[in-house]
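Undergrad: So that you have it, the file is final25.cif, and it contains mmCIF, C-alpha atoms and all ligand atoms:
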```
data_structure
#
loop_
_atom_site.label_atom_id
_atom_site.label_comp_id
_atom_site.auth_asym_id
_atom_site.auth_seq_id
_atom_site.Cartn_x
_atom_site.Cartn_y
_atom_site.Cartn_z
CA MET A 1 2.86 -62.25 -99.39
CA ILE A 2 0.37 -61.00 -96.84
CA TYR A 3 1.29 -62.14 -93.35
CA LEU A 4 -1.58 -61.81 -90.87
CA ASP A 5 -0.43 -64.20 -88.17
CA TYR A 6 1.48 -61.84 -85.86
CA ASN A 7 -0.02 -63.41 -82.71
CA ALA A 8 1.74 -66.67 -83.62
CA THR A 9 5.03 -64.88 -84.18
CA ALA A 10 6.35 -61.64 -85.61
CA PRO A 11 9.42 -61.16 -87.77
CA ALA A 12 12.39 -59.66 -85.96
CA ASP A 13 12.72 -55.95 -86.72
CA PRO A 14 15.80 -55.16 -88.87
CA GLU A 15 17.02 -52.87 -86.06
CA VAL A 16 16.77 -55.78 -83.64
CA ILE A 17 18.88 -57.95 -85.93
CA GLU A 18 21.46 -55.17 -86.33
CA ALA A 19 21.72 -54.73 -82.56
CA MET A 20 22.22 -58.47 -82.06
CA LYS A 21 24.85 -59.05 -84.77
CA PRO A 22 28.03 -58.02 -82.89
CA TYR A 23 27.18 -60.39 -80.04
CA PHE A 24 27.55 -63.49 -82.20
CA ASN A 25 31.15 -63.10 -83.31
CA GLU A 26 32.75 -59.93 -81.92
CA LEU A 27 31.41 -59.50 -78.41
CA TYR A 28 30.94 -63.21 -77.99
CA ALA A 29 32.61 -63.69 -74.61
CA ASN A 30 30.86 -65.37 -71.68
CA PRO A 31 29.35 -62.79 -69.30
CA SER A 32 30.62 -64.88 -66.37
CA SER A 33 34.24 -64.47 -67.50
CA ILE A 34 36.18 -61.82 -65.61
CA HIS A 35 38.35 -60.74 -68.53
CA THR A 36 37.56 -57.54 -70.42
CA PRO A 37 35.48 -59.08 -73.25
CA GLY A 38 33.55 -61.11 -70.68
CA GLN A 39 32.78 -57.98 -68.71
CA LYS A 40 31.67 -56.22 -71.92
CA ALA A 41 29.18 -59.04 -72.55
CA LYS A 42 28.00 -58.76 -68.96
CA GLN A 43 27.51 -55.02 -69.39
CA ALA A 44 25.39 -55.69 -72.47
CA VAL A 45 23.17 -58.06 -70.47
CA GLU A 46 22.83 -55.60 -67.58
CA HIS A 47 22.18 -52.67 -69.91
CA SER A 48 19.42 -54.75 -71.55
CA ARG A 49 17.97 -55.56 -68.14
CA ALA A 50 17.83 -51.83 -67.36
CA ILE A 51 15.98 -51.16 -70.64
CA LEU A 52 13.37 -53.84 -69.82
CA ALA A 53 12.99 -52.48 -66.30
CA GLN A 54 12.44 -48.96 -67.59
CA PHE A 55 10.03 -50.17 -70.29
CA LEU A 56 7.80 -52.05 -67.83
CA ASN A 57 8.43 -49.81 -64.78
CA THR A 58 10.01 -52.53 -62.70
CA ARG A 59 13.19 -52.65 -60.67
CA VAL A 60 16.27 -53.95 -62.46
CA ASP A 61 16.55 -56.79 -59.93
CA GLU A 62 13.00 -57.92 -60.74
CA VAL A 63 13.92 -59.01 -64.31
CA TYR A 64 14.91 -62.65 -64.97
CA PHE A 65 15.77 -63.59 -68.54
CA THR A 66 14.41 -66.90 -69.84
CA SER A 67 14.27 -68.80 -73.12
CA GLY A 68 10.83 -67.40 -73.90
CA GLY A 69 7.23 -67.20 -72.80
CA THR A 70 6.81 -70.91 -72.16
CA GLU A 71 9.77 -71.05 -69.80
CA ALA A 72 8.67 -67.88 -68.02
CA ASP A 73 5.21 -69.37 -67.41
CA ASN A 74 6.70 -72.64 -66.14
CA LEU A 75 9.18 -70.80 -63.95
CA ALA A 76 6.46 -68.68 -62.35
CA ILE A 77 4.14 -71.55 -61.45
CA LYS A 78 6.57 -74.37 -60.70
CA GLY A 79 9.22 -72.09 -59.22
CA LEU A 80 6.70 -70.72 -56.76
CA ALA A 81 5.26 -74.14 -55.93
CA PHE A 82 8.71 -75.62 -55.31
CA SER A 83 9.70 -72.82 -52.94
CA ARG A 84 6.59 -72.36 -50.79
CA ASN A 85 4.68 -75.58 -50.90
CA LYS A 86 2.30 -75.16 -47.98
CA ARG A 87 -0.44 -73.67 -50.11
CA LYS A 88 -1.97 -76.32 -52.34
CA LYS A 89 -4.45 -74.59 -54.64
CA ILE A 90 -3.74 -73.22 -58.11
CA ILE A 91 -6.28 -71.10 -60.00
CA TYR A 92 -5.98 -70.39 -63.74
CA SER A 93 -8.42 -69.59 -66.53
CA SER A 94 -9.97 -72.00 -69.01
CA ILE A 95 -8.55 -69.93 -71.91
CA GLU A 96 -4.90 -69.81 -70.82
CA HIS A 97 -2.19 -70.57 -73.35
CA HIS A 98 -1.02 -74.19 -73.11
CA ALA A 99 2.20 -72.99 -71.46
CA VAL A 100 0.16 -72.03 -68.38
CA MET A 101 -2.70 -74.51 -68.68
CA ASN A 102 -0.57 -77.63 -69.03
CA THR A 103 1.81 -76.49 -66.31
CA CYS A 104 -1.11 -76.04 -63.90
CA LYS A 105 -2.62 -79.41 -64.86
CA TYR A 106 0.77 -81.07 -64.33
CA MET A 107 0.91 -79.72 -60.77
CA ALA A 108 -2.13 -81.87 -59.91
CA LYS A 109 0.32 -84.80 -59.95
CA PHE A 110 2.01 -83.28 -56.93
CA GLY A 111 -1.12 -82.94 -54.87
CA TYR A 112 -2.23 -79.49 -55.97
CA GLU A 113 -5.89 -78.75 -56.43
CA VAL A 114 -6.04 -76.99 -59.80
CA ILE A 115 -9.11 -74.97 -60.70
CA ALA A 116 -9.97 -73.55 -64.13
CA VAL A 117 -11.99 -70.33 -64.05
CA PRO A 118 -14.77 -70.15 -66.66
CA VAL A 119 -15.16 -67.20 -69.02
CA ASP A 120 -18.23 -65.44 -70.45
CA LYS A 121 -19.17 -65.36 -74.14
CA TYR A 122 -16.61 -62.58 -74.73
CA GLY A 123 -13.78 -64.51 -73.10
CA VAL A 124 -13.71 -62.44 -69.89
CA VAL A 125 -12.95 -64.45 -66.74
CA ASP A 126 -15.65 -64.84 -64.10
CA LEU A 127 -14.47 -62.75 -61.13
CA ASP A 128 -17.22 -64.07 -58.85
CA PHE A 129 -16.05 -67.61 -59.55
CA ILE A 130 -12.54 -66.63 -58.44
CA ARG A 131 -13.94 -64.93 -55.30
CA ASP A 132 -15.86 -68.09 -54.56
CA LYS A 133 -12.97 -70.54 -54.98
CA ILE A 134 -10.01 -68.59 -53.63
CA ASP A 135 -8.96 -69.13 -50.01
CA ASP A 136 -5.95 -69.00 -47.68
CA ASN A 137 -4.71 -72.25 -49.23
CA THR A 138 -4.34 -70.65 -52.69
CA LEU A 139 -0.75 -70.42 -53.90
CA ILE A 140 -1.19 -68.65 -57.20
CA VAL A 141 -3.80 -67.16 -59.49
CA SER A 142 -2.55 -67.22 -63.08
CA ILE A 143 -4.70 -65.32 -65.57
CA MET A 144 -3.42 -64.09 -68.91
CA HIS A 145 -3.36 -60.36 -69.71
CA ALA A 146 -4.85 -60.83 -73.18
CA ASN A 147 -5.84 -63.97 -75.00
CA ASN A 148 -3.82 -64.93 -78.08
CA GLU A 149 -6.74 -66.40 -80.04
CA VAL A 150 -9.51 -63.84 -79.58
CA GLY A 151 -7.63 -60.83 -78.17
CA THR A 152 -9.89 -60.30 -75.14
CA ILE A 153 -8.14 -58.29 -72.41
CA GLU A 154 -8.71 -59.55 -68.86
CA PRO A 155 -9.43 -57.34 -65.82
CA ILE A 156 -6.05 -58.07 -64.23
CA LYS A 157 -6.11 -55.23 -61.71
CA GLU A 158 -9.27 -56.60 -60.09
CA ILE A 159 -7.92 -60.15 -60.19
CA ALA A 160 -4.69 -59.04 -58.49
CA GLN A 161 -6.74 -57.40 -55.72
CA ILE A 162 -8.77 -60.57 -55.15
CA ALA A 163 -5.59 -62.69 -55.04
CA HIS A 164 -3.86 -60.37 -52.59
CA LYS A 165 -6.79 -60.41 -50.18
CA TYR A 166 -5.93 -64.07 -49.57
CA GLY A 167 -2.15 -63.74 -49.71
CA ALA A 168 -2.02 -65.53 -53.07
CA VAL A 169 0.45 -64.57 -55.79
CA PHE A 170 -0.93 -63.07 -58.99
CA HIS A 171 0.84 -64.19 -62.17
CA THR A 172 -0.09 -62.98 -65.64
CA ASP A 173 1.01 -64.30 -69.02
CA ALA A 174 1.50 -60.96 -70.78
CA VAL A 175 3.08 -62.46 -73.89
CA GLN A 176 0.34 -60.94 -76.10
CA THR A 177 0.36 -57.50 -74.47
CA VAL A 178 4.00 -56.57 -73.84
CA GLY A 179 4.88 -54.29 -76.75
CA LYS A 180 1.21 -53.80 -77.65
CA LEU A 181 -0.15 -52.15 -74.51
CA ARG A 182 1.64 -49.94 -72.03
CA ILE A 183 2.32 -51.92 -68.88
CA ASP A 184 3.27 -50.40 -65.55
CA PHE A 185 4.36 -53.32 -63.39
CA LYS A 186 4.48 -51.29 -60.16
CA GLU A 187 0.99 -49.85 -60.63
CA SER A 188 -0.63 -53.03 -61.93
CA GLY A 189 -0.60 -55.19 -58.81
CA ILE A 190 1.02 -58.01 -60.80
CA ASP A 191 3.46 -60.16 -58.81
CA MET A 192 4.84 -62.20 -61.71
CA LEU A 193 4.67 -61.38 -65.42
CA SER A 194 5.76 -63.48 -68.42
CA LEU A 195 6.88 -62.00 -71.73
CA SER A 196 8.40 -63.29 -74.94
CA GLY A 197 10.63 -61.55 -77.52
CA HIS A 198 9.27 -63.00 -80.75
CA LYS A 199 5.72 -61.77 -80.21
CA PHE A 200 6.82 -58.14 -80.46
CA TYR A 201 9.55 -58.07 -83.14
CA GLY A 202 12.36 -59.44 -81.00
CA PRO A 203 14.11 -62.76 -81.58
CA LYS A 204 12.69 -66.20 -80.85
CA GLY A 205 14.05 -68.16 -77.90
CA VAL A 206 14.28 -65.28 -75.43
CA GLY A 207 11.87 -63.82 -72.93
CA ALA A 208 11.68 -62.82 -69.31
CA LEU A 209 9.85 -63.37 -66.08
CA ILE A 210 9.34 -60.26 -63.97
CA VAL A 211 9.09 -61.12 -60.28
CA LYS A 212 8.15 -58.66 -57.58
CA LYS A 213 11.06 -57.98 -55.24
CA GLY A 214 10.97 -60.18 -52.15
CA LEU A 215 8.89 -62.95 -53.70
CA ARG A 216 10.77 -66.21 -53.36
CA PHE A 217 10.79 -68.81 -56.12
CA ASP A 218 13.04 -71.74 -57.00
CA PRO A 219 14.84 -72.22 -60.32
CA LEU A 220 13.75 -74.84 -62.86
CA LEU A 221 17.30 -75.25 -64.12
CA HIS A 222 20.08 -75.83 -61.63
CA GLY A 223 23.69 -75.15 -62.51
CA GLY A 224 25.64 -71.89 -62.58
CA HIS A 225 24.89 -68.68 -60.74
CA GLN A 226 23.34 -66.79 -63.65
CA GLU A 227 20.23 -64.64 -63.05
CA LYS A 228 20.95 -64.50 -59.32
CA ASN A 229 20.79 -68.29 -59.02
CA HIS A 230 17.32 -68.38 -60.55
CA ARG A 231 18.11 -69.51 -64.09
CA ALA A 232 21.35 -71.39 -64.69
CA GLY A 233 23.00 -71.50 -68.10
CA THR A 234 25.18 -69.13 -70.11
CA GLU A 235 23.10 -66.10 -71.00
CA ASN A 236 21.67 -65.80 -74.52
CA VAL A 237 23.50 -62.51 -74.97
CA PRO A 238 22.45 -61.76 -78.57
CA GLY A 239 18.86 -62.68 -77.73
CA ILE A 240 18.80 -60.54 -74.62
CA VAL A 241 20.23 -57.56 -76.52
CA GLY A 242 17.61 -58.11 -79.25
CA LEU A 243 14.82 -58.31 -76.68
CA ALA A 244 15.89 -54.97 -75.20
CA LYS A 245 15.98 -53.38 -78.65
CA ALA A 246 12.45 -54.68 -79.29
CA CYS A 247 11.33 -52.91 -76.09
CA GLU A 248 12.92 -49.63 -77.21
CA LEU A 249 11.22 -49.84 -80.60
CA ALA A 250 7.83 -50.64 -79.02
CA GLN A 251 8.18 -47.70 -76.66
CA LYS A 252 8.85 -45.37 -79.59
CA GLU A 253 5.72 -46.41 -81.48
CA PHE A 254 3.29 -46.16 -78.55
CA PRO A 255 0.48 -45.18 -78.92
CA GLN A 256 0.25 -44.36 -82.66
CA GLU A 257 0.82 -47.94 -83.78
CA GLU A 258 -2.06 -49.23 -81.70
CA LYS A 259 -4.33 -46.62 -83.25
CA ARG A 260 -3.17 -47.49 -86.78
CA LEU A 261 -3.72 -51.22 -86.25
CA ARG A 262 -7.12 -50.64 -84.67
CA GLN A 263 -8.24 -48.65 -87.72
CA LEU A 264 -7.05 -51.37 -90.10
CA ARG A 265 -8.59 -54.16 -88.02
CA ASP A 266 -11.92 -52.32 -87.67
CA LYS A 267 -12.04 -51.68 -91.39
CA LEU A 268 -11.33 -55.36 -92.11
CA TRP A 269 -14.18 -56.43 -89.82
CA ARG A 270 -16.64 -53.82 -91.14
CA GLU A 271 -16.01 -54.66 -94.76
CA ILE A 272 -16.10 -58.44 -94.49
CA ASP A 273 -19.13 -58.26 -92.19
CA SER A 274 -20.98 -56.27 -94.83
CA ARG A 275 -19.94 -58.57 -97.68
CA ILE A 276 -20.27 -62.02 -96.12
CA PRO A 277 -23.54 -63.22 -94.57
CA GLU A 278 -23.62 -65.33 -91.40
CA ILE A 279 -20.30 -64.47 -89.87
CA GLN A 280 -19.68 -63.55 -86.26
CA LEU A 281 -17.01 -61.80 -84.25
CA ASN A 282 -15.39 -63.89 -81.50
CA GLY A 283 -13.99 -61.93 -78.58
CA HIS A 284 -14.88 -58.78 -76.72
CA PRO A 285 -16.23 -56.02 -78.98
CA GLU A 286 -14.28 -53.31 -77.11
CA THR A 287 -11.88 -54.67 -74.51
CA MET A 288 -9.75 -56.35 -77.12
CA LEU A 289 -6.24 -56.16 -78.57
CA ALA A 290 -6.17 -53.66 -81.44
CA ASN A 291 -4.46 -56.06 -83.84
CA THR A 292 -6.61 -59.17 -83.46
CA LEU A 293 -9.72 -60.21 -85.39
CA ASN A 294 -11.22 -63.64 -84.72
CA ILE A 295 -14.34 -64.53 -86.68
CA SER A 296 -16.45 -67.57 -87.40
CA VAL A 297 -17.61 -68.10 -90.96
CA LYS A 298 -20.57 -70.39 -90.44
CA TYR A 299 -20.93 -73.55 -92.57
CA VAL A 300 -17.25 -73.46 -93.58
CA GLU A 301 -14.29 -75.21 -91.96
CA GLY A 302 -11.64 -72.85 -90.62
CA GLU A 303 -8.92 -75.11 -92.04
CA SER A 304 -10.39 -74.82 -95.56
CA LEU A 305 -10.44 -71.04 -95.25
CA ILE A 306 -6.79 -71.00 -94.18
CA LEU A 307 -5.73 -73.22 -97.07
CA ASN A 308 -7.66 -71.19 -99.64
CA LEU A 309 -6.28 -67.93 -98.27
CA ASN A 310 -2.84 -69.53 -98.29
CA ALA A 311 -3.21 -70.30 -101.99
CA ALA A 312 -3.94 -66.59 -102.51
CA GLY A 313 -0.76 -65.62 -100.61
CA ILE A 314 -2.62 -64.59 -97.43
CA TYR A 315 -1.36 -66.18 -94.24
CA ALA A 316 -3.83 -66.34 -91.35
CA SER A 317 -4.65 -68.87 -88.65
CA THR A 318 -7.58 -70.73 -87.17
CA GLY A 319 -6.62 -69.62 -83.67
CA SER A 320 -3.65 -70.88 -81.80
CA ALA A 321 -0.59 -72.11 -83.66
CA CYS A 322 -0.37 -74.97 -81.19
CA SER A 323 -3.74 -76.43 -82.12
CA SER A 324 -3.38 -75.95 -85.86
CA GLY A 325 -3.06 -79.28 -87.58
CA SER A 326 -5.39 -80.90 -85.07
CA LEU A 327 -9.03 -81.32 -85.94
CA GLU A 328 -10.23 -80.37 -82.46
CA PRO A 329 -12.05 -77.04 -82.35
CA SER A 330 -10.38 -74.31 -80.30
CA TYR A 331 -10.69 -74.88 -76.55
CA VAL A 332 -10.77 -71.10 -76.12
CA LEU A 333 -13.87 -70.73 -78.29
CA LEU A 334 -15.52 -73.75 -76.64
CA ALA A 335 -14.84 -72.21 -73.21
CA MET A 336 -16.61 -69.06 -74.43
CA GLY A 337 -19.70 -71.20 -75.03
CA ILE A 338 -19.43 -71.10 -78.81
CA PRO A 339 -20.96 -74.27 -80.30
CA ALA A 340 -18.42 -76.76 -81.66
CA GLU A 341 -19.52 -76.35 -85.28
CA VAL A 342 -19.16 -72.55 -85.07
CA ALA A 343 -15.80 -72.93 -83.32
CA HIS A 344 -14.72 -75.20 -86.19
CA SER A 345 -15.33 -72.35 -88.61
CA SER A 346 -13.05 -69.85 -86.88
CA LEU A 347 -10.48 -67.71 -88.60
CA ARG A 348 -7.99 -65.38 -86.93
CA PHE A 349 -6.28 -62.43 -88.55
CA SER A 350 -3.60 -60.80 -86.44
CA LEU A 351 -2.02 -57.62 -87.77
CA GLY A 352 1.34 -56.06 -87.05
CA ARG A 353 4.09 -53.57 -87.86
CA TRP A 354 4.29 -54.41 -91.57
CA THR A 355 0.56 -54.71 -92.23
CA GLY A 356 -0.60 -51.97 -94.59
CA GLN A 357 -3.86 -50.71 -96.01
CA GLU A 358 -3.25 -52.64 -99.25
CA ASP A 359 -2.98 -55.94 -97.33
CA ILE A 360 -6.34 -55.40 -95.70
CA ASP A 361 -7.91 -54.36 -99.01
CA LYS A 362 -6.64 -57.57 -100.60
CA VAL A 363 -8.28 -59.72 -97.91
CA ILE A 364 -11.54 -57.80 -98.30
CA GLU A 365 -11.37 -58.46 -102.03
CA VAL A 366 -10.47 -62.16 -101.84
CA LEU A 367 -12.27 -63.58 -98.80
CA PRO A 368 -15.92 -63.25 -99.94
CA GLY A 369 -15.21 -65.30 -103.08
CA ILE A 370 -13.47 -68.03 -101.08
CA VAL A 371 -16.38 -68.22 -98.64
CA GLU A 372 -18.92 -68.35 -101.45
CA LYS A 373 -17.02 -71.16 -103.18
CA LEU A 374 -16.68 -73.22 -99.98
CA ARG A 375 -20.28 -72.67 -98.96
CA ALA A 376 -21.48 -73.77 -102.40
CA MET A 377 -19.80 -77.12 -101.66
CA SER A 378 -21.12 -77.33 -98.09
CA PRO A 379 -24.10 -79.64 -97.49
CA LEU A 380 -25.00 -77.57 -94.41
CA TYR A 381 -25.36 -74.23 -96.16
CA LYS A 382 -28.78 -73.37 -97.51
CA LYS A 383 -29.01 -70.36 -99.81
C1 LIG B 401 3.29 -67.40 -77.81
C2 LIG B 401 2.72 -67.42 -76.46
C3 LIG B 401 3.37 -68.09 -75.40
C4 LIG B 401 4.63 -68.89 -75.62
O1 LIG B 401 5.76 -68.06 -75.80
P1 LIG B 401 7.07 -68.72 -76.45
O2 LIG B 401 8.10 -67.63 -76.34
O3 LIG B 401 6.72 -69.05 -77.86
O4 LIG B 401 7.42 -69.91 -75.64
C5 LIG B 401 2.80 -68.05 -74.15
N1 LIG B 401 1.65 -67.39 -73.93
C6 LIG B 401 1.00 -66.73 -74.90
C7 LIG B 401 -0.25 -65.99 -74.57
C8 LIG B 401 1.50 -66.73 -76.19
O5 LIG B 401 0.84 -66.08 -77.16
#
```
Can you turn what I pasted into structure tokens?

TA:
Amino acid sequence: MIYLDYNATAPADPEVIEAMKPYFNELYANPSSIHTPGQKAKQAVEHSRAILAQFLNTRVDEVYFTSGGTEADNLAIKGLAFSRNKRKKIIYSSIEHHAVMNTCKYMAKFGYEVIAVPVDKYGVVDLDFIRDKIDDNTLIVSIMHANNEVGTIEPIKEIAQIAHKYGAVFHTDAVQTVGKLRIDFKESGIDMLSLSGHKFYGPKGVGALIVKKGLRFDPLLHGGHQEKNHRAGTENVPGIVGLAKACELAQKEFPQEEKRLRQLRDKLWREIDSRIPEIQLNGHPETMLANTLNISVKYVEGESLILNLNAAGIYASTGSACSSGSLEPSYVLLAMGIPAEVAHSSLRFSLGRWTGQEDIDKVIEVLPGIVEKLRAMSPLYKK
């Protein structure tokens, strides 16, 4: 099988699984218990927190473990709104993951003015639009670090500067970049950062929100005193240990892995572009994640491509996992100004740790035939 859907999720690394194992049935005690096994579990959580802090160059007390990227995004936006509710404007981008977008839209119910920033044809947010809309009433600017569908990397340093000029908080959903790009939280100007374990070879159901020291926010879940009263509930100890191991592994493979994936991805694009007429690249040609390739194969439905590739043992995506199964074209591609019919023909390959040369060669061999077959059946395609 050829798995090319790493932006949807990645398999846990065997080393991650090994690191987690003892915490299910040997070191299973509750970290809040004061007996010896409880304290051992607590040490494991705190050691993991230190690894995350070192990995992202944050302080240990800036790391809050969550159940994943979605919770981290919700915690950032709602937690901030609940704790300092004088400012009533929320700015986010029109290509945010649903975890941010739907959270922002929901806040409109509570009297917030929520503003979506447009993007250009490459998926880069319009900085002048932000400068125009932001004011002293702005609570938070939430712009993702890199987009999951097209891979475009956003100019977060500039956005942070704009936000700070007005005393607004800058949050970034870095779920697609943590583990792929080096991130220096202190240097970046980011106030809040969301990450998720399963997008970089850690387990599913665990993530973290990094919050700049001194920034107040309320919990979403009330209960025990875990995570310094910011996230109640018994810690997911195996998950947290696995997340930390994923960080260690990512650190070890920087920057060679990025280079390897970029070469494979570039080859895939070059070869299919030369073999298949009327296809286009979606996303930024340079400022883009090394592992992501989003294309539109004109006159063919993306869904049909996925199903035909699937039959050949190649697993790709039309864009976001969340919108698969719906017949709506990708809102990300539409926001980039791509016509609906071209957006409908999108196909995303996302590569990862176990993608090899032979996998790419297989796609190059198989895809042109699939496209030819589907186009032959398409009433829109004229030879
Ligand atoms: C996957 C993803 C999320 C959601 O993370 P979960 O851990 O699956 O909840 C949020 N944002 C982006 C950009 C993602 O790719």

Undergrad: Using all atoms listed in the file for the distances, tell me which of A:Asp184, A:Asp191, A:Asp128, A:Glu257 is nearest to Thr355 (chain A).

TA: A:Glu257

Undergrad: Throw together the list of residues within 6 Å of ligand LIG 401 (chain B), counting all atoms listed in the file, and drop it here as a JSON list (two decimals) with C-alpha atoms, keeping the file's coordinate frame.

TA:
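Saved result, pocket_27.json, follows:
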```json
[["chain", "number", "residue", "atom", "x", "y", "z"],
["A", 68, "GLY", "CA", 10.83, -67.40, -73.90],
["A", 69, "GLY", "CA", 7.23, -67.20, -72.80],
["A", 70, "THR", "CA", 6.81, -70.91, -72.16],
["A", 97, "HIS", "CA", -2.19, -70.57, -73.35],
["A", 99, "ALA", "CA", 2.20, -72.99, -71.46],
["A", 147, "ASN", "CA", -5.84, -63.97, -75.00],
["A", 148, "ASN", "CA", -3.82, -64.93, -78.08],
["A", 173, "ASP", "CA", 1.01, -64.30, -69.02],
["A", 175, "VAL", "CA", 3.08, -62.46, -73.89],
["A", 176, "GLN", "CA", 0.34, -60.94, -76.10],
["A", 196, "SER", "CA", 8.40, -63.29, -74.94]]
```

Undergrad: Let me make sure I understand: among A:His47, A:Lys88, A:His230, A:Arg270, which one has the smallest atom-to-atom distance to Met107 (chain A) if we use all atoms listed in the file?

TA: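 Using all atoms listed in the file, the shortest distance to Met107 (chain A) belongs to A:Lys88.
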
Undergrad: Find, counting all atoms listed in the file, the residue in A:Ile90, A:Arg353, A:Asn308, A:Leu333 that gets nearest to Lys373 (chain A).

TA: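 Nearest candidate to Lys373 (chain A) out of A:Ile90, A:Arg353, A:Asn308, A:Leu333: A:Asn308.
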
Undergrad: Using only C-alpha atoms, which residues sit within 12 Å of Lys180 (chain A) once same-chain residues fewer than 3 positions away are excluded, as a ChimeraX atom specification?

TA: /A:6-7,56,145-146,151,153,174-177,183,195,199-201,246-247,249-262,288-292,351-353

Undergrad: What's the 9 Å shell around Arg216 (chain A), counting all atoms listed in the file, without same-chain residues fewer than 3 positions away, as a compact mmCIF listing (two decimals) with C-alpha atoms, keeping the file's coordinate frame?

TA:
```txt
# COMPACT_ATOMS: atom_id res chain seq x y z
CA GLY A 79 9.22 -72.09 -59.22
CA LEU A 80 6.70 -70.72 -56.76
CA SER A 83 9.70 -72.82 -52.94
CA ARG A 84 6.59 -72.36 -50.79
CA VAL A 211 9.09 -61.12 -60.28
CA LYS A 213 11.06 -57.98 -55.24
```

Undergrad: Please determine, counting all atoms listed in the file, which residue among A:Glu372, A:Trp354, A:Gly224, A:Val332 has the shortest atom-to-atom distance to Ile276 (chain A).

TA: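 Selected residue with least distance to Ile276 (chain A): A:Glu372.
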
Undergrad: Can you tell me how far CA of Ala76 (chain A) sits from CA of Val117 (chain A), in Å to one decimal?

TA: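 CA of Ala76 (chain A) sits 18.6 Å away from CA of Val117 (chain A).
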
Undergrad: When you draw a straight line from CA of Lys21 (chain A) to CA of Gly242 (chain A), how long is it in Å?

TA: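 According to the coordinates, CA of Lys21 (chain A) and CA of Gly242 (chain A) are separated by 9.2 Å.
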
Undergrad: When distances are computed from only C-alpha atoms, which of A:Val371, A:Val178, A:Ala29, A:Leu347 shows the smallest separation from Val237 (chain A)?

TA: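 Between A:Val371, A:Val178, A:Ala29, A:Leu347, the residue approaching Val237 (chain A) most closely is A:Ala29.
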
Undergrad: Between CA of Ser33 (chain A) and CA of Gly239 (chain A), what is the distance, to one decimal in Å?

TA: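 Going from CA of Ser33 (chain A) over to CA of Gly239 (chain A), I get 18.6 Å.
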
Undergrad: Please provide as a ChimeraX atom specification all residues within 8 Å of Lys186 (chain A), with the sequence filter that same-chain residues fewer than 4 positions apart are discarded (counting only C-alpha atoms).

TA: /A:57-58,190

Undergrad: Which one is closest to Lys89 (chain A): A:Tyr112, A:Phe170, A:Tyr315, A:Phe217? Count all atoms listed in the file.

TA: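 Looking only at the distances to Lys89 (chain A), the closest residue turns out to be A:Tyr112.
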
Undergrad: Each side padded by 3 Å, which centre and which edge lengths in Å (one decimal) define the axis-aligned box around the listed atoms of region 259-268 of chain A? Give them as AutoDock Vina command-line options.

TA:
```
--center_x -7.6 --center_y -51.0 --center_z -87.7 --size_x 14.9 --size_y 14.7 --size_z 14.9
```

Undergrad: Considering all atoms listed in the file, return as a list in words whatever protein or nucleic-acid residues lie within 7 Å of Leu293 (chain A), sequence-local ones (same chain, fewer than 2 positions apart) excluded.

TA: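 Counting all atoms listed in the file, the residues come to Val150, Arg265, Asn291, Ile295, Arg348, Phe349 and Ser350 of chain A.
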
Undergrad: Do you know which residues are at most 12 Å from Gln226 (chain A) counting all atoms listed in the file, after dropping those on the same chain fewer than 4 positions away, and could you put them as a PyMOL selection string?

TA: chain A and resi 30-33+42+45-46+64-66+219+221-222+230-236

Undergrad: Given the point (-6.6, -56.7, -95.2) in the coordinates of this file, which residues lie within 9 Å, counting only C-alpha atoms, and how would they look as JSON, numbers by chain?

TA: {"A": [2, 4, 264, 265, 267, 268, 349, 351, 355, 356, 357, 358, 359, 360, 361, 362, 363, 364, 365]}

Undergrad: Could region 174-182 of chain A be completed with N, CA and C atoms and returned as a PDB file, in the frame of the given file?

TA:
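The new file result.pdb reads:
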```
ATOM      1  N   ALA A 174       1.697 -62.206 -70.019  1.00  0.00           N
ATOM      2  CA  ALA A 174       1.500 -60.960 -70.780  1.00  0.00           C
ATOM      3  C   ALA A 174       2.190 -61.040 -72.140  1.00  0.00           C
ATOM      4  N   VAL A 175       2.358 -62.265 -72.627  1.00  0.00           N
ATOM      5  CA  VAL A 175       3.080 -62.460 -73.890  1.00  0.00           C
ATOM      6  C   VAL A 175       2.388 -61.704 -75.041  1.00  0.00           C
ATOM      7  N   GLN A 176       1.054 -61.627 -75.004  1.00  0.00           N
ATOM      8  CA  GLN A 176       0.340 -60.940 -76.100  1.00  0.00           C
ATOM      9  C   GLN A 176       0.175 -59.444 -75.866  1.00  0.00           C
ATOM     10  N   THR A 177       0.581 -58.933 -74.713  1.00  0.00           N
ATOM     11  CA  THR A 177       0.360 -57.500 -74.470  1.00  0.00           C
ATOM     12  C   THR A 177       1.652 -56.687 -74.370  1.00  0.00           C
ATOM     13  N   VAL A 178       2.742 -57.323 -73.924  1.00  0.00           N
ATOM     14  CA  VAL A 178       4.000 -56.570 -73.840  1.00  0.00           C
ATOM     15  C   VAL A 178       4.387 -56.125 -75.251  1.00  0.00           C
ATOM     16  N   GLY A 179       4.582 -54.836 -75.425  1.00  0.00           N
ATOM     17  CA  GLY A 179       4.880 -54.290 -76.750  1.00  0.00           C
ATOM     18  C   GLY A 179       3.639 -53.790 -77.462  1.00  0.00           C
ATOM     19  N   LYS A 180       2.451 -54.256 -77.011  1.00  0.00           N
ATOM     20  CA  LYS A 180       1.210 -53.800 -77.650  1.00  0.00           C
ATOM     21  C   LYS A 180       0.475 -52.801 -76.765  1.00  0.00           C
ATOM     22  N   LEU A 181       0.499 -53.054 -75.468  1.00  0.00           N
ATOM     23  CA  LEU A 181      -0.150 -52.150 -74.510  1.00  0.00           C
ATOM     24  C   LEU A 181       0.918 -51.646 -73.549  1.00  0.00           C
ATOM     25  N   ARG A 182       0.722 -50.444 -73.048  1.00  0.00           N
ATOM     26  CA  ARG A 182       1.640 -49.940 -72.030  1.00  0.00           C
ATOM     27  C   ARG A 182       1.397 -50.698 -70.735  1.00  0.00           C
TER      28      ARG A 182
END
```
